[in-house]
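> data.cif (mmCIF, C-alpha atoms) pasted underneath:
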```cif
data_data
#
loop_
_atom_site.label_atom_id
_atom_site.label_comp_id
_atom_site.auth_asym_id
_atom_site.auth_seq_id
_atom_site.Cartn_x
_atom_site.Cartn_y
_atom_site.Cartn_z
CA MET A 1 70.75 110.05 78.50
CA VAL A 2 70.67 111.47 82.02
CA GLY A 3 74.10 111.42 83.69
CA SER A 4 77.72 111.15 82.56
CA GLY A 5 78.95 108.58 85.06
CA PHE A 6 79.70 104.94 84.28
CA GLY A 7 76.08 104.24 83.32
CA GLY A 8 75.59 107.26 81.09
CA LEU A 9 78.99 107.05 79.40
CA PHE A 10 78.96 103.31 78.71
CA ALA A 11 75.40 103.44 77.37
CA THR A 12 76.34 106.32 75.07
CA LYS A 13 79.40 104.52 73.73
CA ALA A 14 77.38 101.33 73.24
CA LEU A 15 75.04 103.26 70.92
CA ALA A 16 77.89 104.59 68.77
CA ARG A 17 77.02 102.37 65.77
CA GLU A 18 73.24 102.77 66.01
CA ASP A 19 71.19 105.15 63.86
CA VAL A 20 70.33 107.40 66.77
CA LEU A 21 71.14 110.84 68.14
CA VAL A 22 72.29 110.51 71.74
CA THR A 23 71.88 113.58 73.95
CA VAL A 24 73.76 113.38 77.25
CA VAL A 25 72.38 115.78 79.87
CA ALA A 26 74.60 116.02 82.94
CA SER A 27 75.22 118.50 85.74
CA THR A 28 78.99 118.34 85.22
CA GLY A 29 81.14 118.49 82.12
CA TYR A 30 83.26 115.50 83.09
CA HIS A 31 83.06 111.75 83.57
CA LEU A 32 84.00 110.97 87.17
CA PHE A 33 85.96 107.79 87.90
CA GLN A 34 84.59 107.66 91.42
CA PRO A 35 86.52 104.60 92.73
CA LEU A 36 89.73 106.67 92.69
CA LEU A 37 88.39 109.84 94.32
CA TYR A 38 90.06 108.98 97.61
CA GLN A 39 93.43 109.16 95.81
CA VAL A 40 92.62 112.75 94.79
CA ALA A 41 91.82 113.50 98.44
CA THR A 42 95.15 112.08 99.63
CA GLY A 43 97.36 113.71 97.00
CA VAL A 44 98.11 110.69 94.82
CA LEU A 45 96.21 111.74 91.67
CA SER A 46 95.09 114.98 90.11
CA VAL A 47 91.47 115.77 89.35
CA GLY A 48 92.03 115.54 85.60
CA GLU A 49 93.14 111.92 85.85
CA VAL A 50 89.89 110.77 87.46
CA ALA A 51 87.55 113.26 85.78
CA PRO A 52 88.24 113.64 82.03
CA ALA A 53 85.99 116.00 80.08
CA THR A 54 82.94 114.17 78.73
CA ARG A 55 83.23 116.06 75.43
CA GLU A 56 86.81 114.86 75.07
CA VAL A 57 85.83 111.25 75.73
CA LEU A 58 83.01 111.41 73.15
CA ARG A 59 84.71 113.70 70.63
CA ARG A 60 84.87 111.00 67.92
CA GLN A 61 81.33 109.75 68.44
CA ARG A 62 79.47 111.85 65.89
CA ASN A 63 76.00 110.74 66.98
CA ALA A 64 76.49 111.98 70.55
CA ARG A 65 76.15 115.47 71.97
CA VAL A 66 76.59 116.77 75.52
CA LEU A 67 74.40 119.37 77.24
CA LEU A 68 75.36 120.87 80.58
CA GLY A 69 72.43 121.05 82.96
CA THR A 70 71.01 119.68 86.18
CA VAL A 71 67.97 117.51 85.45
CA THR A 72 65.15 118.64 87.72
CA GLU A 73 62.21 116.78 86.19
CA ILE A 74 61.44 113.90 83.85
CA ASP A 75 57.91 114.05 82.42
CA LEU A 76 57.12 110.50 81.35
CA ALA A 77 53.77 111.42 79.79
CA ALA A 78 55.28 114.19 77.65
CA ARG A 79 58.54 112.27 77.10
CA THR A 80 60.55 115.30 78.09
CA VAL A 81 63.62 115.88 80.26
CA VAL A 82 63.67 119.25 82.03
CA SER A 83 67.04 120.62 83.11
CA GLU A 84 68.42 123.85 84.52
CA SER A 85 71.44 125.09 82.61
CA PRO A 86 73.54 128.23 82.89
CA ALA A 87 71.40 129.60 80.05
CA GLY A 88 68.11 128.80 81.80
CA THR A 89 65.53 126.02 81.65
CA LEU A 90 65.97 123.47 78.88
CA ARG A 91 63.33 120.95 77.74
CA THR A 92 64.74 118.01 75.80
CA PRO A 93 62.33 115.52 74.16
CA TYR A 94 63.22 111.84 73.86
CA ASP A 95 62.09 108.68 72.10
CA SER A 96 64.05 106.41 74.41
CA LEU A 97 65.52 107.43 77.75
CA ILE A 98 68.29 105.96 79.90
CA VAL A 99 68.39 107.41 83.42
CA ALA A 100 71.82 107.04 85.01
CA ALA A 101 71.78 109.93 87.47
CA GLY A 102 73.78 108.01 90.07
CA SER A 103 73.70 108.53 93.81
CA THR A 104 74.73 110.92 96.55
CA GLN A 105 76.12 110.43 100.04
CA SER A 106 73.62 109.21 102.61
CA TYR A 107 73.79 110.33 106.24
CA PHE A 108 70.91 108.04 107.23
CA GLY A 109 68.55 110.88 108.08
CA ARG A 110 71.17 112.95 109.88
CA ASP A 111 72.01 115.40 107.11
CA GLU A 112 73.34 117.88 109.65
CA PHE A 113 76.43 115.63 109.90
CA SER A 114 77.40 116.68 106.38
CA GLU A 115 78.52 120.12 107.56
CA TYR A 116 81.39 118.62 109.53
CA ALA A 117 81.95 115.26 107.79
CA PRO A 118 82.34 115.56 104.00
CA GLY A 119 81.49 112.52 101.92
CA MET A 120 83.35 111.04 98.99
CA LYS A 121 81.00 111.32 96.01
CA SER A 122 82.20 114.33 94.03
CA VAL A 123 85.29 116.24 92.93
CA ASP A 124 84.31 119.01 95.36
CA ASP A 125 84.26 116.45 98.19
CA ALA A 126 87.71 115.14 97.28
CA LEU A 127 89.29 118.58 97.00
CA GLU A 128 87.77 119.69 100.29
CA LEU A 129 89.04 116.56 102.01
CA ARG A 130 92.49 117.10 100.52
CA GLY A 131 92.57 120.52 102.15
CA ARG A 132 91.29 119.19 105.46
CA ILE A 133 93.64 116.19 105.61
CA PHE A 134 96.83 118.06 104.73
CA GLY A 135 95.57 121.09 106.66
CA ALA A 136 95.30 118.98 109.82
CA PHE A 137 99.05 118.38 109.78
CA GLU A 138 99.73 122.05 109.01
CA MET A 139 97.56 123.18 111.93
CA ALA A 140 99.28 120.71 114.24
CA GLU A 141 102.65 122.22 113.29
CA VAL A 142 101.33 125.71 114.04
CA ARG A 143 99.67 124.75 117.29
CA ALA A 144 102.84 123.01 118.45
CA GLN A 145 104.49 126.46 118.53
CA ASP A 146 102.04 127.65 121.19
CA PRO A 147 103.18 126.78 124.73
CA ALA A 148 99.51 126.79 125.79
CA THR A 149 98.68 123.85 123.50
CA THR A 150 98.26 120.70 125.56
CA ALA A 151 99.26 117.21 124.54
CA ASP A 152 95.55 116.25 124.33
CA GLN A 153 94.82 119.15 121.98
CA LEU A 154 97.72 118.22 119.73
CA ARG A 155 96.59 114.61 119.81
CA ALA A 156 93.08 115.64 118.74
CA GLN A 157 94.49 117.75 115.90
CA LEU A 158 96.29 114.67 114.56
CA THR A 159 93.25 112.39 114.87
CA PHE A 160 91.35 111.30 111.76
CA VAL A 161 87.97 109.55 111.91
CA VAL A 162 86.70 107.67 108.85
CA VAL A 163 83.06 106.61 109.08
CA GLY A 164 82.23 103.52 107.05
CA ALA A 165 84.36 100.37 106.73
CA GLY A 166 83.43 99.48 103.17
CA PRO A 167 85.99 99.64 100.34
CA THR A 168 86.06 103.45 100.26
CA GLY A 169 86.53 103.78 104.02
CA VAL A 170 89.19 101.07 104.14
CA GLU A 171 91.08 102.62 101.22
CA MET A 172 90.87 106.10 102.73
CA ALA A 173 92.07 104.96 106.17
CA GLY A 174 94.94 103.07 104.57
CA GLN A 175 96.02 106.07 102.50
CA ILE A 176 95.98 108.43 105.48
CA ALA A 177 98.23 105.94 107.28
CA GLU A 178 100.54 105.87 104.24
CA LEU A 179 100.63 109.67 104.28
CA ALA A 180 101.48 109.87 107.95
CA HIS A 181 104.09 107.13 108.08
CA ARG A 182 105.78 107.57 104.68
CA ALA A 183 104.86 110.53 102.49
CA LEU A 184 105.08 113.25 105.16
CA ARG A 185 108.11 111.89 106.98
CA GLY A 186 110.65 114.67 107.53
CA ASN A 187 108.29 117.41 106.30
CA PHE A 188 107.72 119.01 109.70
CA ARG A 189 109.96 120.27 112.47
CA SER A 190 107.70 120.45 115.53
CA ILE A 191 105.47 117.42 115.04
CA ASN A 192 105.99 113.82 114.00
CA PRO A 193 103.29 112.97 111.39
CA SER A 194 103.50 109.31 112.30
CA HIS A 195 102.04 110.16 115.72
CA VAL A 196 98.57 110.17 114.22
CA ARG A 197 95.46 108.42 115.40
CA ILE A 198 93.38 107.00 112.55
CA VAL A 199 90.00 105.57 113.59
CA LEU A 200 87.82 103.53 111.22
CA VAL A 201 84.23 103.40 112.49
CA ASP A 202 81.33 101.21 111.39
CA PHE A 203 78.15 99.85 112.97
CA ALA A 204 78.90 96.48 111.33
CA ASN A 205 81.15 94.07 113.16
CA ALA A 206 83.63 93.61 110.29
CA VAL A 207 85.36 95.65 107.62
CA LEU A 208 84.50 95.05 103.95
CA GLY A 209 81.18 93.42 104.81
CA PRO A 210 80.35 91.88 101.37
CA PHE A 211 83.75 90.16 101.10
CA ASP A 212 84.67 86.63 102.10
CA PRO A 213 85.34 86.38 105.88
CA ARG A 214 88.96 85.36 105.30
CA LEU A 215 89.62 88.46 103.22
CA ARG A 216 87.85 90.66 105.76
CA ASP A 217 90.06 89.30 108.51
CA ARG A 218 93.23 89.80 106.47
CA ALA A 219 92.26 93.37 105.57
CA ALA A 220 91.47 94.16 109.22
CA ALA A 221 94.76 92.68 110.42
CA HIS A 222 96.72 94.66 107.84
CA LEU A 223 94.96 97.92 108.77
CA GLU A 224 95.78 97.35 112.43
CA SER A 225 99.41 96.62 111.54
CA MET A 226 99.48 100.09 109.93
CA GLY A 227 98.20 101.68 113.12
CA VAL A 228 94.55 102.07 112.09
CA GLU A 229 92.22 101.71 115.08
CA LEU A 230 89.06 99.73 114.27
CA GLN A 231 85.93 100.85 116.12
CA LEU A 232 83.42 98.28 114.87
CA GLY A 233 79.91 97.77 116.19
CA GLN A 234 79.75 101.52 116.87
CA ARG A 235 77.01 103.82 115.63
CA VAL A 236 77.72 107.50 114.97
CA VAL A 237 75.17 109.48 116.98
CA GLY A 238 76.74 112.92 116.89
CA VAL A 239 79.11 114.94 114.72
CA ASP A 240 80.18 118.50 115.45
CA ARG A 241 83.09 120.76 114.67
CA ALA A 242 85.29 119.31 117.41
CA GLY A 243 84.59 115.59 117.28
CA VAL A 244 82.41 112.50 116.85
CA ASP A 245 80.10 110.77 119.33
CA LEU A 246 79.75 106.97 119.11
CA GLU A 247 77.28 104.56 120.65
CA ALA A 248 77.88 100.82 121.08
CA ALA A 249 75.18 98.16 120.82
CA ASP A 250 74.88 98.11 124.62
CA GLY A 251 74.18 101.86 124.68
CA GLU A 252 77.59 102.92 125.98
CA ARG A 253 78.72 106.23 124.47
CA THR A 254 82.23 107.46 123.74
CA ARG A 255 83.59 110.59 122.10
CA ILE A 256 86.57 111.09 119.81
CA GLU A 257 87.94 114.61 119.66
CA THR A 258 89.00 115.50 116.11
CA PRO A 259 88.49 118.31 113.61
CA THR A 260 88.89 115.92 110.64
CA LYS A 261 85.98 113.62 109.88
CA ILE A 262 85.42 111.69 106.63
CA TRP A 263 82.05 110.11 105.80
CA ALA A 264 82.28 106.96 103.67
CA ALA A 265 79.09 105.22 104.83
CA GLY A 266 75.99 104.77 102.75
CA VAL A 267 74.59 106.12 99.50
CA GLN A 268 71.24 107.52 98.43
CA ALA A 269 69.97 107.34 94.85
CA SER A 270 69.21 110.52 92.94
CA PRO A 271 65.86 112.14 93.88
CA LEU A 272 64.82 111.55 90.27
CA GLY A 273 64.20 107.94 91.26
CA ALA A 274 61.29 108.86 93.51
CA SER A 275 59.72 110.95 90.74
CA LEU A 276 60.05 108.15 88.18
CA ALA A 277 58.56 105.65 90.62
CA GLU A 278 55.61 107.90 91.39
CA GLN A 279 54.81 108.46 87.72
CA SER A 280 55.18 104.81 86.69
CA GLY A 281 53.83 103.01 89.75
CA ALA A 282 57.19 101.41 90.49
CA GLU A 283 58.49 100.98 94.03
CA THR A 284 61.71 102.28 95.56
CA ASP A 285 63.93 100.69 98.18
CA ARG A 286 65.32 102.32 101.33
CA ALA A 287 68.14 103.92 99.36
CA GLY A 288 65.73 105.48 96.86
CA ARG A 289 66.62 103.07 94.05
CA VAL A 290 63.86 102.15 91.61
CA ARG A 291 62.58 98.56 91.44
CA VAL A 292 62.51 98.09 87.68
CA LEU A 293 61.28 95.27 85.46
CA PRO A 294 63.77 92.49 84.58
CA ASP A 295 64.84 94.33 81.41
CA CYS A 296 65.65 97.50 83.43
CA THR A 297 62.58 99.40 82.19
CA LEU A 298 59.85 101.12 84.20
CA PRO A 299 56.42 99.46 84.48
CA GLY A 300 54.33 100.50 81.49
CA ARG A 301 57.22 102.52 80.06
CA PRO A 302 59.29 100.24 77.82
CA GLU A 303 61.10 103.28 76.41
CA VAL A 304 62.54 104.31 79.81
CA PHE A 305 65.49 102.45 81.33
CA VAL A 306 66.93 102.99 84.82
CA VAL A 307 70.53 101.82 85.30
CA GLY A 308 73.52 102.04 87.63
CA ASP A 309 73.17 103.27 91.19
CA MET A 310 69.48 104.10 90.62
CA LEU A 311 68.65 100.49 89.78
CA ALA A 312 67.17 98.16 92.42
CA MET A 313 67.34 94.54 91.31
CA GLU A 314 68.02 91.36 93.25
CA GLY A 315 71.66 90.35 93.05
CA VAL A 316 72.83 93.57 91.38
CA PRO A 317 75.18 95.57 93.64
CA GLY A 318 75.78 99.31 93.53
CA LEU A 319 79.16 98.97 91.84
CA ALA A 320 80.73 100.46 88.73
CA GLN A 321 80.61 97.07 87.00
CA ALA A 322 76.85 96.86 87.53
CA ALA A 323 76.42 100.37 86.12
CA MET A 324 78.44 99.52 83.01
CA GLN A 325 76.65 96.24 82.38
CA SER A 326 73.12 97.54 82.97
CA ALA A 327 73.86 100.54 80.73
CA GLU A 328 75.11 98.33 77.91
CA HIS A 329 72.03 96.11 78.33
CA ALA A 330 69.75 99.15 77.97
CA ALA A 331 71.65 100.27 74.86
CA ASP A 332 71.33 96.78 73.40
CA GLN A 333 67.56 96.83 73.98
CA ILE A 334 67.28 100.17 72.18
CA GLY A 335 69.32 98.84 69.26
CA ARG A 336 67.13 95.73 69.03
CA ARG A 337 64.00 97.86 68.96
CA LEU A 338 65.41 100.00 66.13
CA ARG A 339 66.24 96.89 64.10
CA GLY A 340 62.81 95.37 64.69
CA GLU A 341 64.21 92.52 66.77
CA PRO A 342 62.51 91.03 69.85
CA THR A 343 63.12 92.99 73.06
CA GLY A 344 62.38 92.54 76.75
CA GLN A 345 65.29 90.22 77.54
CA ALA A 346 66.12 90.24 81.25
CA PHE A 347 69.32 91.86 82.42
CA VAL A 348 71.71 89.29 83.86
CA TYR A 349 74.52 90.66 85.99
CA ASP A 350 77.92 89.03 85.49
CA ASP A 351 79.72 89.31 88.82
CA LYS A 352 83.37 89.84 87.95
CA GLY A 353 84.39 90.03 91.61
CA SER A 354 85.28 92.65 94.18
CA MET A 355 88.54 94.21 95.30
CA ALA A 356 89.83 96.80 97.72
CA ILE A 357 93.30 98.25 98.18
CA VAL A 358 94.44 98.51 101.80
CA SER A 359 97.90 100.03 101.34
CA ARG A 360 100.72 100.04 98.83
CA PHE A 361 101.54 96.46 97.81
CA TYR A 362 98.54 95.08 99.72
CA ALA A 363 94.97 94.52 98.59
CA VAL A 364 92.24 91.91 98.85
CA ALA A 365 90.22 90.61 95.91
CA GLU A 366 87.62 88.03 94.95
CA VAL A 367 87.87 87.25 91.24
CA ALA A 368 86.27 84.29 89.43
CA GLY A 369 85.65 82.56 92.74
CA ARG A 370 89.26 82.88 93.84
CA LYS A 371 90.38 84.77 96.94
CA VAL A 372 93.58 86.75 96.48
CA TRP A 373 95.39 89.03 98.90
CA GLY A 374 98.66 90.85 99.35
CA LEU A 375 100.89 91.86 96.43
CA PRO A 376 99.11 89.74 93.75
CA ALA A 377 95.77 91.34 94.64
CA TRP A 378 97.38 94.79 94.64
CA ALA A 379 98.82 94.24 91.14
CA LEU A 380 95.42 92.99 89.96
CA TRP A 381 93.73 96.07 91.45
CA LEU A 382 96.13 98.37 89.57
CA ALA A 383 95.61 96.54 86.28
CA VAL A 384 91.81 96.58 86.50
CA HIS A 385 91.63 100.27 87.36
CA LEU A 386 94.05 101.18 84.57
CA VAL A 387 91.90 99.29 82.06
CA TYR A 388 88.77 101.21 83.01
CA LEU A 389 90.37 104.66 83.19
CA ILE A 390 89.18 106.59 80.15
CA GLY A 391 91.82 107.64 77.63
CA PHE A 392 95.49 106.78 77.04
CA LYS A 393 96.71 110.04 78.58
CA ASN A 394 94.87 109.31 81.82
CA ARG A 395 96.32 105.81 82.03
CA LEU A 396 99.87 107.00 81.41
CA THR A 397 99.84 109.90 83.87
CA THR A 398 98.06 107.79 86.49
CA LEU A 399 100.73 105.11 86.16
CA LEU A 400 103.45 107.74 86.65
CA HIS A 401 101.74 109.18 89.73
CA TRP A 402 101.32 105.69 91.18
CA ALA A 403 105.04 105.08 90.67
CA VAL A 404 105.84 108.29 92.55
CA SER A 405 103.46 107.48 95.40
CA PHE A 406 103.76 103.71 95.74
CA VAL A 407 107.31 102.93 94.67
CA GLY A 408 108.59 106.20 96.10
CA SER A 409 107.04 108.06 98.98
CA GLY A 410 105.92 111.36 97.46
CA ARG A 411 102.54 112.95 96.90
CA SER A 412 102.65 115.13 93.80
CA GLU A 413 99.12 116.55 94.26
CA ARG A 414 99.18 118.24 97.66
CA THR A 415 97.94 121.66 96.60
CA ALA A 416 94.75 122.78 98.36
CA THR A 417 93.14 126.19 98.60
CA ARG A 418 90.82 127.81 101.10
CA GLN A 419 88.24 128.11 98.36
CA GLN A 420 88.28 124.34 97.83
CA VAL A 421 87.80 123.69 101.54
CA MET A 422 84.98 126.21 101.96
CA ALA A 423 83.11 125.83 98.66
CA ARG A 424 80.92 122.90 99.70
CA LEU A 425 79.97 124.61 102.96
CA ALA A 426 78.97 127.71 101.01
CA MET A 427 76.79 125.55 98.77
CA LEU A 428 75.14 123.92 101.78
CA GLU A 429 74.41 127.36 103.21
CA ARG A 430 72.79 128.46 99.95
CA GLU A 431 70.63 125.33 99.91
CA LYS A 432 69.40 126.19 103.42
CA GLU A 433 68.45 129.66 102.22
CA GLY A 434 66.22 128.17 99.54
CA PRO A 435 65.90 128.46 95.74
CA GLY A 436 66.92 131.58 93.94
CA THR A 437 69.96 132.29 96.12
CA SER A 438 72.64 131.21 93.66
CA PRO A 439 74.39 133.84 91.56
CA PRO A 440 72.84 134.36 88.09
CA GLY A 441 73.87 131.72 85.59
CA THR A 442 75.00 129.17 88.24
CA PRO A 443 72.05 126.83 88.95
CA TRP A 444 74.25 124.54 91.04
#
```
Could you spell out this file's structure in structure tokens?


Amino acid sequence: MVGSGFGGLFATKALAREDVLVTVVASTGYHLFQPLLYQVATGVLSVGEVAPATREVLRRQRNARVLLGTVTEIDLAARTVVSESPAGTLRTPYDSLIVAAGSTQSYFGRDEFSEYAPGMKSVDDALELRGRIFGAFEMAEVRAQDPATTADQLRAQLTFVVVGAGPTGVEMAGQIAELAHRALRGNFRSINPSHVRIVLVDFANAVLGPFDPRLRDRAAAHLESMGVELQLGQRVVGVDRAGVDLEAADGERTRIETPTKIWAAGVQASPLGASLAEQSGAETDRAGRVRVLPDCTLPGRPEVFVVGDMLAMEGVPGLAQAAMQSAEHAADQIGRRLRGEPTGQAFVYDDKGSMAIVSRFYAVAEVAGRKVWGLPAWALWLAVHLVYLIGFKNRLTTLLHWAVSFVGSGRSERTATRQQVMARLAMLEREKEGPGTSPPGTPW
């Protein structure tokens, strides 16, 4: 099993009753509940509530073991997974393989943007953004003490640009607005946090593109009522330390001055997808996802399954539900093979709907063909996310933090350190320097 996200974890748990030894190889020691990362970034939840230890989750599953290591190669001919661990290179043989390595943030060929606009795909991203978001208000308070600071400079300091108007971008923009107008009220003496400018940017002409047009319109109207400025039909053509450059469809360019940029647009499948495709003769799509056979296997490799965000199949979106279902399908195929039953059944995705939270007490959702918005959709969103959080402790503490943040106005997780803010930049710098630049024993 490659990966400990939704795909890797659900496949492992689905094999709990089979006569197999499941080896989970993952670059982190935790299962990340990625849909709630933005709440870590905005001080609602702690890291532990969205990233429980994988070993803790699987502690009662005696046929599963977890190995820490970054998978660098999958040799289909030798049936071997090669990973780099703190102890060195590890080669793990397999009889059946499920690849659920997930995806990373995509900057659409402009990777230099990542230096100034963190994404929202990892714990490191969320903690860095927490420091940058809360730090923006702190810096505004400090700069307000300087008589030389102009109104435009202070305005720029309190400007937040979120790139990408999908669910993550909408949820992030809404939470920053909640922070500014509710949670931070009365916390400062020289600035008014509610005097923020929050800009949601997307090249598409609507927020929440895959949703029903009525829900898109309601979400957009609610965001605007919260003071979020929608810059739709705008392409990001430049990102630097001081701001963002936008270009409209007619070629007109504008610039937004801000030190705080958040990238929530686009994903790219793990580079392992390209390697698997090359070895098996499969194709990949523009996002690097592998075009698998109907049963989620690679051409000519019935023992290798590709699931989750690495899977390219018509009608299967890159959502957590698709990862869970494709993973359970792969596990079922392995179980059938062990029992001598017919295999090769096509994976059929059961669309359970989509939902996005816009602010406290307001969300939009499509469930079982029904369109729901406002408080009912918000309650449904909470219930669904509580169900899929792993472990009773996580559900209980998450519920308590939601009560503090949504019923009250506090943010109990506002701590951020300089190390958290700078760690990702240090990693990017090491990657530029090339292999062999990491400290001994830290392959990441």

> Find the residues around Val421 of chain A up to 9 Å (all atoms listed in the file counted), leave out those fewer than 2 positions away in its own chain, and share them as an MDAnalysis selection string.

chainID A and resid 124:125 127:132 416:419 423:425

> What's around Arg291 of chain A at 8 Å? Count all atoms listed in the file, leave out sequence neighbours fewer than 2 positions away in its own chain, and write the answer as a list of chain:residue names.

A:Ala282, A:Glu283, A:Thr284, A:Asp285, A:Arg289, A:Leu293, A:Leu311, A:Ala312, A:Met313

> Taking all atoms listed in the file into account, which of A:Val22, A:Leu232, A:Leu58, A:Ile256 comes nearest Thr92 of chain A?

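Result for the nearest residue to Thr92 of chain A: A:Val22.
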
> Using all atoms listed in the file, which of A:Ala126, A:Leu246, A:Leu154, A:Leu15 sits nearest Gln34 of chain A?

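Closest residue, counting all atoms listed in the file: A:Ala126.
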
> Expressed in Å to a single decimal, how great is the separation between atom CA of Gly335 of chain A and atom CA of Gly273 of chain A?

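Spanning atom CA of Gly335 of chain A to atom CA of Gly273 of chain A is a straight-line distance of 24.4 Å.
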
> Kindly indicate which residue among A:Phe188, A:Phe137, A:Trp378, A:Trp263 lies nearest to Leu200 of chain A, using all atoms listed in the file for the distances.

A:Trp263

> Between atom CA of Val57 of chain A and atom CA of Asp309 of chain A, measure the distance and give it in Å to one decimal.

21.5 Å
